[in-house]
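Accompanying notes for the structure given below.
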2 protein chains.
Amino acid sequence: MRDVAAHARVSVRTVSNVMAGYQHVSEAMRARVQAAIQELDYRPNPVARTLRTGRTGVLALVVPEIDVPYFAGLAREVINAAATRGYQVMVDQTGHDHERERRLLTGADRTMLFDGVLFSPLVTAAELAEMDPSTTMPLVLLGEHVFDGRFDHVAIDNTQAAYDATAHLVSTGRRRVAAIGEQPQEGYATPRQRTAGYQAALLAAGLEPDPAYLRPAAHYRRADGYDAARELLALPQRPDAIFCFSDLLAMGAMRAVFDAGLQVPDDVAVIGVDDLEEGRYARPSLSTVSLDTPYIAQEAVDRIIARIGDPSLPGVQTRAPHQLLCRESTAPTSMQTAPSPACASGS
Amino acid sequence: MRDVAAHARVSVRTVSNVMAGYQHVSEAMRARVQAAIQELDYRPNPVARTLRTGRTGVLALVVPEIDVPYFAGLAREVINAAATRGYQVMVDQTGHDHERERRLLTGADRTMLFDGVLFSPLVTAAELAEMDPSTTMPLVLLGEHVFDGRFDHVAIDNTQAAYDATAHLVSTGRRRVAAIGEQPQEGYATPRQRTAGYQAALLAAGLEPDPAYLRPAAHYRRADGYDAARELLALPQRPDAIFCFSDLLAMGAMRAVFDAGLQVPDDVAVIGVDDLEEGRYARPSLSTVSLDTPYIAQEAVDRIIARIGDPSLPGVQTRAPHQLLCRESTAPTSMQTAPSPACASGS
DNA sequence: TTGTATGCGTTATCAC
DNA sequence: GTGATAACGCATACAA
């Protein structure tokens, strides 16, 4: 920058003003500085700028595993949304490691490398409750609702989404509706809410939730869905429908049904959550609950930028829309008794 | 740091020495400084360190789209490998935008925010050839072999991989073997090499490559595979096997076969490349060529770190292993004439 | 409107 | 072995 100033025969102050797009700079001066910048191929050093301003222009996106398709899709949208607003994105994986989540949240790690964190947590609500939002770095929670209003959240209505999926299964004539994805440990908000929605929908249909039909899943991957579905199919009274808390679980569950010599949807209907492209190309195509990931990403990025600008802001809960998509994997059986509720075509 | 120095009644120099694990520091002094660090909960500022040393400890991973499963899996391994070596990873998406690739490569963008770049390019070899490795930032190319030896590369032998996949199809009795994934434009190394391997395998089996059986694919996504397969199936003489240049293309192709009322593998065998988990759970399970992604990621990270350490190093070409995995989608037909070549069980 | 001078938190050079 | 101090490149308070 000194070289540019010398070359344009002005002070560094003026160069800095031009770079920052400062208003009160004469046109002649601005042009001269611009020319010098061009000529010397000068580019400001973002690190020095950061040291001075305290802003890095970097956001962290923290997810359990980036290669889980839902998180990969989220990352895509977050990176794009951030780029639009002049931010770069650093991706971190916790690998389902609670201790690592803690360290990231408390900032015990790599402090000050990013301005804010978009966090898709496994942490228990209890652990979050212990934390003081004012002492942590700017933080937006994705996918989890912790209703104490102290943190920013962006998430769908998990209870309603689960209710919708389950009600859809019931409306197509299924009566023995199982679910895969509960978390045995306390504190995980998402699985708890989805379990609640599932049970509420059963009760609303006059069906008694059967504990044997509610299967846990350590993670939300295909293998977990496969294993859980195998256990369900081995039950003396096997279910005729399975609500999986993720599409990945559902893909595993469908494969388990086929490996058991049964058919989807005739013997067992399957529905998931996430609307992965994978499910659209599956055979049969997978019914699911679609989340508006681009909306979630944009909202999250806007929220974190606002909070970076003013950390004292109150927590904001953003509810993202969701939509039931009915495809082949939950096609009605001959036993259908009630008309299906509102359900998008699911192409 | 000044506070720590004052608190321990030493100079900042000594504190810095302790932080850096410098040898010549007396035990007593070290203990006193450590105590002060603990007491004040001091943590060094990485930005200031970067300004001074010129090292950010950040690598950039540049891919076309992070939500393409292969790239998501690569990102997972790269992030983990980088973390092991004390590096963070920034993810950038080019979105198939050549201009954006150029800017990233020439460093016209965000200079000096990272120490090196792991780049999975679409750029033509010609464009890379124009560049001077010594003027660009440390760079390792992933998935592309440009045999001028000036850049570091980590990739499989694309020609051999395509040869293996095609030879496998032929060995199971297929005679009308199509391929999806060619790139009409010049310069893309990967599709060109795979096309060459495909054609070489046909010739080696005494089959004449039919231009009508070689279909382009704009990207390597499911929709591209679906569309290309539909066109192939509409041919007067329809193929009895399709070699897809990616598993995603293959998933789309399989769906197209089913939608045409045909069966995989009986009417049309399908094989892909990448060994996505998705293919293992598909019905039928997808035969594929497996790439050793963890190896690729580790090798790439080691390579870039070496180059950061010494930019004058000569370019190194690393060849990653690949393996043919035979699953249901290429099960032999009754017409099989030759014994199948070495082929892993593909579980 | 523009120039001068100081400091952001490190590391490294020089003395001691 | 340790202390004082310059420098990394930028932004800004203050002076002109």
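Within each chain, counting starts at residue 1; across the structure tokens, chains are named A, B, ... in the order shown, with ligands numbered 1 upward in that order.
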Exercise for review: Would you kindly return, as a PyMOL selection string, each protein, DNA or RNA residue with an atom no farther than 12 Å from any atom of DA16 (chain D), considering only C-alpha atoms (C1' of nucleotides) and excluding same-chain residues fewer than 5 positions away?
Suggested key: chain C and resi 1-4
Restricting the output to N, CA, C and O atoms (P, O5', C5', C4', C3', O3' and C1' of nucleotides), write the selected residues as a PDB file, in the first residue's frame.
```
ATOM      1  P    DT C   1     -14.913  16.992   0.509  1.00  0.00           P
ATOM      2  O5'  DT C   1     -13.634  16.132   0.092  1.00  0.00           O
ATOM      3  C5'  DT C   1     -12.869  16.575  -0.969  1.00  0.00           C
ATOM      4  C4'  DT C   1     -11.471  16.741  -0.471  1.00  0.00           C
ATOM      5  C3'  DT C   1     -10.644  15.442  -0.470  1.00  0.00           C
ATOM      6  O3'  DT C   1      -9.597  15.597  -1.417  1.00  0.00           O
ATOM      7  C1'  DT C   1     -10.297  16.729   1.517  1.00  0.00           C
ATOM      8  P    DT C   2      -8.687  14.453  -1.857  1.00  0.00           P
ATOM      9  O5'  DT C   2      -7.571  14.447  -0.732  1.00  0.00           O
ATOM     10  C5'  DT C   2      -6.470  15.337  -0.853  1.00  0.00           C
ATOM     11  C4'  DT C   2      -5.663  15.317   0.411  1.00  0.00           C
ATOM     12  C3'  DT C   2      -4.779  14.086   0.599  1.00  0.00           C
ATOM     13  O3'  DT C   2      -3.441  14.503   0.461  1.00  0.00           O
ATOM     14  C1'  DT C   2      -5.763  14.825   2.622  1.00  0.00           C
ATOM     15  P    DG C   3      -2.296  13.392   0.366  1.00  0.00           P
ATOM     16  O5'  DG C   3      -1.575  13.573   1.781  1.00  0.00           O
ATOM     17  C5'  DG C   3      -0.965  14.804   2.068  1.00  0.00           C
ATOM     18  C4'  DG C   3      -0.529  14.859   3.520  1.00  0.00           C
ATOM     19  C3'  DG C   3       0.424  13.742   3.948  1.00  0.00           C
ATOM     20  O3'  DG C   3       1.467  14.294   4.726  1.00  0.00           O
ATOM     21  C1'  DG C   3      -1.433  13.797   5.391  1.00  0.00           C
ATOM     22  P    DT C   4       2.731  13.442   5.110  1.00  0.00           P
ATOM     23  O5'  DT C   4       2.808  13.511   6.691  1.00  0.00           O
ATOM     24  C5'  DT C   4       1.776  14.083   7.460  1.00  0.00           C
ATOM     25  C4'  DT C   4       1.986  13.746   8.923  1.00  0.00           C
ATOM     26  C3'  DT C   4       3.028  12.687   9.227  1.00  0.00           C
ATOM     27  O3'  DT C   4       3.589  12.951  10.503  1.00  0.00           O
ATOM     28  C1'  DT C   4       0.904  11.873   9.858  1.00  0.00           C
TER      29       DT C   4
END
```
Residues of chain A that have any atom at most 12 Å from an atom of chain D: could you tabulate them with the shortest-distance atom pair and the distance in Å to one decimal, using only C-alpha atoms (C1' of nucleotides), ordered by chain and increasing number, as CSV?
```
residue,atom,partner,partner_atom,distance
A:Met1,CA,D:DG9,C1',7.6
A:Arg2,CA,D:DG9,C1',9.2
A:Asp3,CA,D:DG9,C1',11.6
A:Val12,CA,D:DC10,C1',9.6
A:Arg13,CA,D:DA11,C1',8.6
A:Thr14,CA,D:DA11,C1',11.3
A:Val15,CA,D:DC10,C1',10.8
A:Ser16,CA,D:DA11,C1',7.6
A:Asn17,CA,D:DA11,C1',9.3
A:Met19,CA,D:DC10,C1',11.0
A:Ala20,CA,D:DA11,C1',9.7
A:Arg43,CA,D:DG9,C1',10.9
A:Pro44,CA,D:DG9,C1',8.1
A:Asn45,CA,D:DG9,C1',6.6
A:Pro46,CA,D:DC10,C1',8.5
A:Val47,CA,D:DG9,C1',8.1
A:Ala48,CA,D:DG9,C1',5.0
A:Arg49,CA,D:DC10,C1',5.0
A:Thr50,CA,D:DC10,C1',8.3
A:Leu51,CA,D:DC10,C1',8.0
A:Arg52,CA,D:DA11,C1',6.3
A:Thr53,CA,D:DA11,C1',7.3
A:Gly54,CA,D:DA11,C1',10.9
```
**Study point:** One-decimal distance in Å that lies between CA of Arg100 (chain A) and CA of Leu139 (chain A)
**Key:** 15.9 Å
Within 8 Å of chain B, which residues of chain A come that close, and what is the closest atom pair and distance in Å for each? Count only C-alpha atoms and give it as a Markdown table.
```
| residue | atom | partner | partner_atom | distance |
| --- | --- | --- | --- | --- |
| A:Arg43 | CA | B:Thr111 | CA | 7.6 |
| A:Asn45 | CA | B:Met112 | CA | 7.0 |
| A:Pro46 | CA | B:Leu113 | CA | 6.9 |
| A:Val47 | CA | B:Leu51 | CA | 6.0 |
| A:Ala48 | CA | B:Leu51 | CA | 6.0 |
| A:Thr50 | CA | B:Val47 | CA | 7.1 |
| A:Leu51 | CA | B:Val47 | CA | 6.1 |
| A:Glu65 | CA | B:Arg76 | CA | 7.1 |
| A:Ile66 | CA | B:Arg76 | CA | 5.8 |
| A:Asp67 | CA | B:Ala72 | CA | 4.7 |
| A:Val68 | CA | B:Ala72 | CA | 7.9 |
| A:Pro69 | CA | B:Asp67 | CA | 6.7 |
| A:Ala72 | CA | B:Asp67 | CA | 4.6 |
| A:Gly73 | CA | B:Asp67 | CA | 5.0 |
| A:Ala75 | CA | B:Ile66 | CA | 7.2 |
| A:Arg76 | CA | B:Ile66 | CA | 5.8 |
| A:Ile79 | CA | B:Asp92 | CA | 7.3 |
| A:Gln88 | CA | B:Met90 | CA | 7.5 |
| A:Val89 | CA | B:Met90 | CA | 5.9 |
| A:Met90 | CA | B:Met90 | CA | 4.3 |
| A:Val91 | CA | B:Met90 | CA | 6.2 |
| A:Asp92 | CA | B:Ile79 | CA | 7.3 |
| A:Gln93 | CA | B:Ile79 | CA | 7.8 |
| A:Arg110 | CA | B:Pro46 | CA | 7.5 |
| A:Thr111 | CA | B:Asn45 | CA | 7.3 |
| A:Met112 | CA | B:Asn45 | CA | 7.0 |
| A:Leu113 | CA | B:Pro46 | CA | 6.9 |
| A:Arg222 | CA | B:Tyr281 | CA | 7.8 |
| A:Met251 | CA | B:Tyr281 | CA | 7.1 |
| A:Gly252 | CA | B:Tyr281 | CA | 6.7 |
| A:Arg255 | CA | B:Tyr281 | CA | 6.2 |
| A:Glu278 | CA | B:Glu278 | CA | 7.7 |
| A:Tyr281 | CA | B:Arg255 | CA | 6.2 |
| A:Ala282 | CA | B:Ala282 | CA | 7.2 |
| A:Arg283 | CA | B:Arg283 | CA | 7.1 |
```
Dump as a PDB file with C-alpha atoms (C1' of nucleotides), in the first residue's frame the residues of chain C that approach chain B to within 10 Å, counting only C-alpha atoms (C1' of nucleotides).
```
ATOM      1  C1'  DC C   8      -3.792  -4.334  16.233  1.00  0.00           C
ATOM      2  C1'  DG C   9      -0.694  -9.225  18.532  1.00  0.00           C
ATOM      3  C1'  DT C  10       2.626 -11.732  16.929  1.00  0.00           C
ATOM      4  C1'  DT C  11       7.569 -13.266  15.628  1.00  0.00           C
ATOM      5  C1'  DA C  12      12.385 -12.298  14.832  1.00  0.00           C
TER       6       DA C  12
END
```
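Between CA of Asn158 (chain A) and CA of Gly197 (chain A) there is a distance of 7.5 Å.
Near region 150-154 of chain B, within 8 Å and counting only C-alpha atoms (C1' of nucleotides), sit Pro133, Leu139, Val140, Leu141, Leu142, Gly143, Glu144, His145, Val146, Ile296, Glu299, Ala300, Arg303, Pro314, Gly315, Val316, Gln317, Thr318, Arg319 and Ala320 of chain B; same-chain residues fewer than 3 positions away were not included.
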Export of the given selection (N, CA and C atoms) as an mmCIF file, in the first residue's frame:
```
data_model
loop_
_atom_site.group_PDB
_atom_site.id
_atom_site.type_symbol
_atom_site.label_atom_id
_atom_site.label_comp_id
_atom_site.auth_asym_id
_atom_site.auth_seq_id
_atom_site.Cartn_x
_atom_site.Cartn_y
_atom_site.Cartn_z
ATOM 1 N N PRO B 133 3.408 -22.491 -12.693
ATOM 2 C CA PRO B 133 3.274 -22.997 -11.320
ATOM 3 C C PRO B 133 4.032 -22.163 -10.304
ATOM 4 N N LEU B 139 -0.435 -25.437 -5.198
ATOM 5 C CA LEU B 139 -1.628 -26.017 -5.822
ATOM 6 C C LEU B 139 -1.435 -27.509 -6.035
ATOM 7 N N VAL B 140 -2.460 -28.271 -5.666
ATOM 8 C CA VAL B 140 -2.470 -29.696 -5.989
ATOM 9 C C VAL B 140 -3.752 -29.988 -6.753
ATOM 10 N N LEU B 141 -3.601 -30.642 -7.885
ATOM 11 C CA LEU B 141 -4.747 -30.975 -8.724
ATOM 12 C C LEU B 141 -5.294 -32.348 -8.342
ATOM 13 N N LEU B 142 -6.604 -32.433 -8.242
ATOM 14 C CA LEU B 142 -7.244 -33.693 -7.877
ATOM 15 C C LEU B 142 -8.022 -34.252 -9.061
ATOM 16 N N GLY B 143 -7.798 -35.504 -9.374
ATOM 17 C CA GLY B 143 -8.647 -36.181 -10.351
ATOM 18 C C GLY B 143 -8.259 -35.971 -11.791
ATOM 19 N N GLU B 144 -7.369 -35.019 -12.041
ATOM 20 C CA GLU B 144 -6.967 -34.764 -13.424
ATOM 21 C C GLU B 144 -5.480 -35.020 -13.566
ATOM 22 N N HIS B 145 -5.133 -35.715 -14.586
ATOM 23 C CA HIS B 145 -3.721 -35.869 -14.889
ATOM 24 C C HIS B 145 -3.361 -34.985 -16.073
ATOM 25 N N VAL B 146 -2.503 -34.058 -15.849
ATOM 26 C CA VAL B 146 -1.966 -33.282 -16.953
ATOM 27 C C VAL B 146 -0.475 -33.598 -16.976
ATOM 28 N N ILE B 296 -6.434 -40.697 -1.501
ATOM 29 C CA ILE B 296 -6.325 -39.503 -2.340
ATOM 30 C C ILE B 296 -6.246 -38.252 -1.474
ATOM 31 N N GLU B 299 -2.924 -38.080 0.557
ATOM 32 C CA GLU B 299 -1.818 -37.809 -0.354
ATOM 33 C C GLU B 299 -1.845 -36.339 -0.783
ATOM 34 N N ALA B 300 -3.029 -35.865 -1.104
ATOM 35 C CA ALA B 300 -3.166 -34.483 -1.566
ATOM 36 C C ALA B 300 -2.752 -33.499 -0.471
ATOM 37 N N ARG B 303 0.962 -33.591 0.028
ATOM 38 C CA ARG B 303 1.612 -32.961 -1.115
ATOM 39 C C ARG B 303 1.557 -31.442 -1.001
ATOM 40 N N PRO B 314 9.745 -29.978 -7.553
ATOM 41 C CA PRO B 314 9.199 -30.401 -8.847
ATOM 42 C C PRO B 314 7.809 -31.013 -8.665
ATOM 43 N N GLY B 315 6.993 -30.985 -9.712
ATOM 44 C CA GLY B 315 5.647 -31.549 -9.637
ATOM 45 C C GLY B 315 5.697 -33.055 -9.425
ATOM 46 N N VAL B 316 4.790 -33.549 -8.629
ATOM 47 C CA VAL B 316 4.736 -34.991 -8.351
ATOM 48 C C VAL B 316 3.390 -35.540 -8.815
ATOM 49 N N GLN B 317 3.435 -36.618 -9.584
ATOM 50 C CA GLN B 317 2.186 -37.274 -9.993
ATOM 51 C C GLN B 317 1.945 -38.482 -9.110
ATOM 52 N N THR B 318 0.860 -38.441 -8.367
ATOM 53 C CA THR B 318 0.534 -39.578 -7.518
ATOM 54 C C THR B 318 -0.622 -40.357 -8.136
ATOM 55 N N ARG B 319 -0.418 -41.643 -8.266
ATOM 56 C CA ARG B 319 -1.468 -42.492 -8.821
ATOM 57 C C ARG B 319 -2.162 -43.224 -7.686
ATOM 58 N N ALA B 320 -3.459 -42.974 -7.534
ATOM 59 C CA ALA B 320 -4.214 -43.655 -6.476
ATOM 60 C C ALA B 320 -4.761 -44.971 -7.022
#
```
Exercise for review: Give the helix (DSSP H, G or I) residues of region 98-307 of chain B, as assigned by DSSP on the backbone, as a VMD selection string.
Suggested key: chain B and resid 98 to 106 125 to 130 158 to 171 189 to 204 211 to 213 222 to 233 247 to 259 277 to 281 293 to 307
Practice item. In Å, rounded to a single decimal, give me how far CA of Phe119 (chain A) is from CA of Pro294 (chain A). Key: 16.0 Å
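For Tyr213 (chain A), the list of residues within 7 Å, based on only C-alpha atoms (C1' of nucleotides) and with local chain neighbours fewer than 3 positions off taken out, reads Ala178, Ala179, Asp210 and Leu232 of chain A.
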Practice item. Pick out each residue of region 224-299 of chain A that DSSP on the backbone tags as strand (DSSP E); I need them as a ChimeraX atom specification. Key: /A:241-244,269-274,287-291
Output file for the residues above (C-alpha atoms, as a CSV table (one decimal), in the first residue's frame):
```csv
chain,number,residue,atom,x,y,z
A,241,ALA,CA,-45.5,-48.8,7.3
A,242,ILE,CA,-42.3,-47.2,8.5
A,243,PHE,CA,-41.7,-43.5,9.1
A,244,CYS,CA,-37.9,-42.8,9.0
A,269,ALA,CA,-44.8,-48.3,3.0
A,270,VAL,CA,-41.8,-46.2,3.7
A,271,ILE,CA,-41.5,-42.4,4.1
A,272,GLY,CA,-38.5,-40.3,5.1
A,273,VAL,CA,-37.5,-36.7,5.7
A,274,ASP,CA,-35.1,-34.4,3.8
A,287,SER,CA,-42.1,-40.3,-0.2
A,288,THR,CA,-40.6,-37.7,2.1
A,289,VAL,CA,-40.9,-34.4,3.9
A,290,SER,CA,-39.1,-31.7,1.9
A,291,LEU,CA,-37.2,-29.0,3.8
```
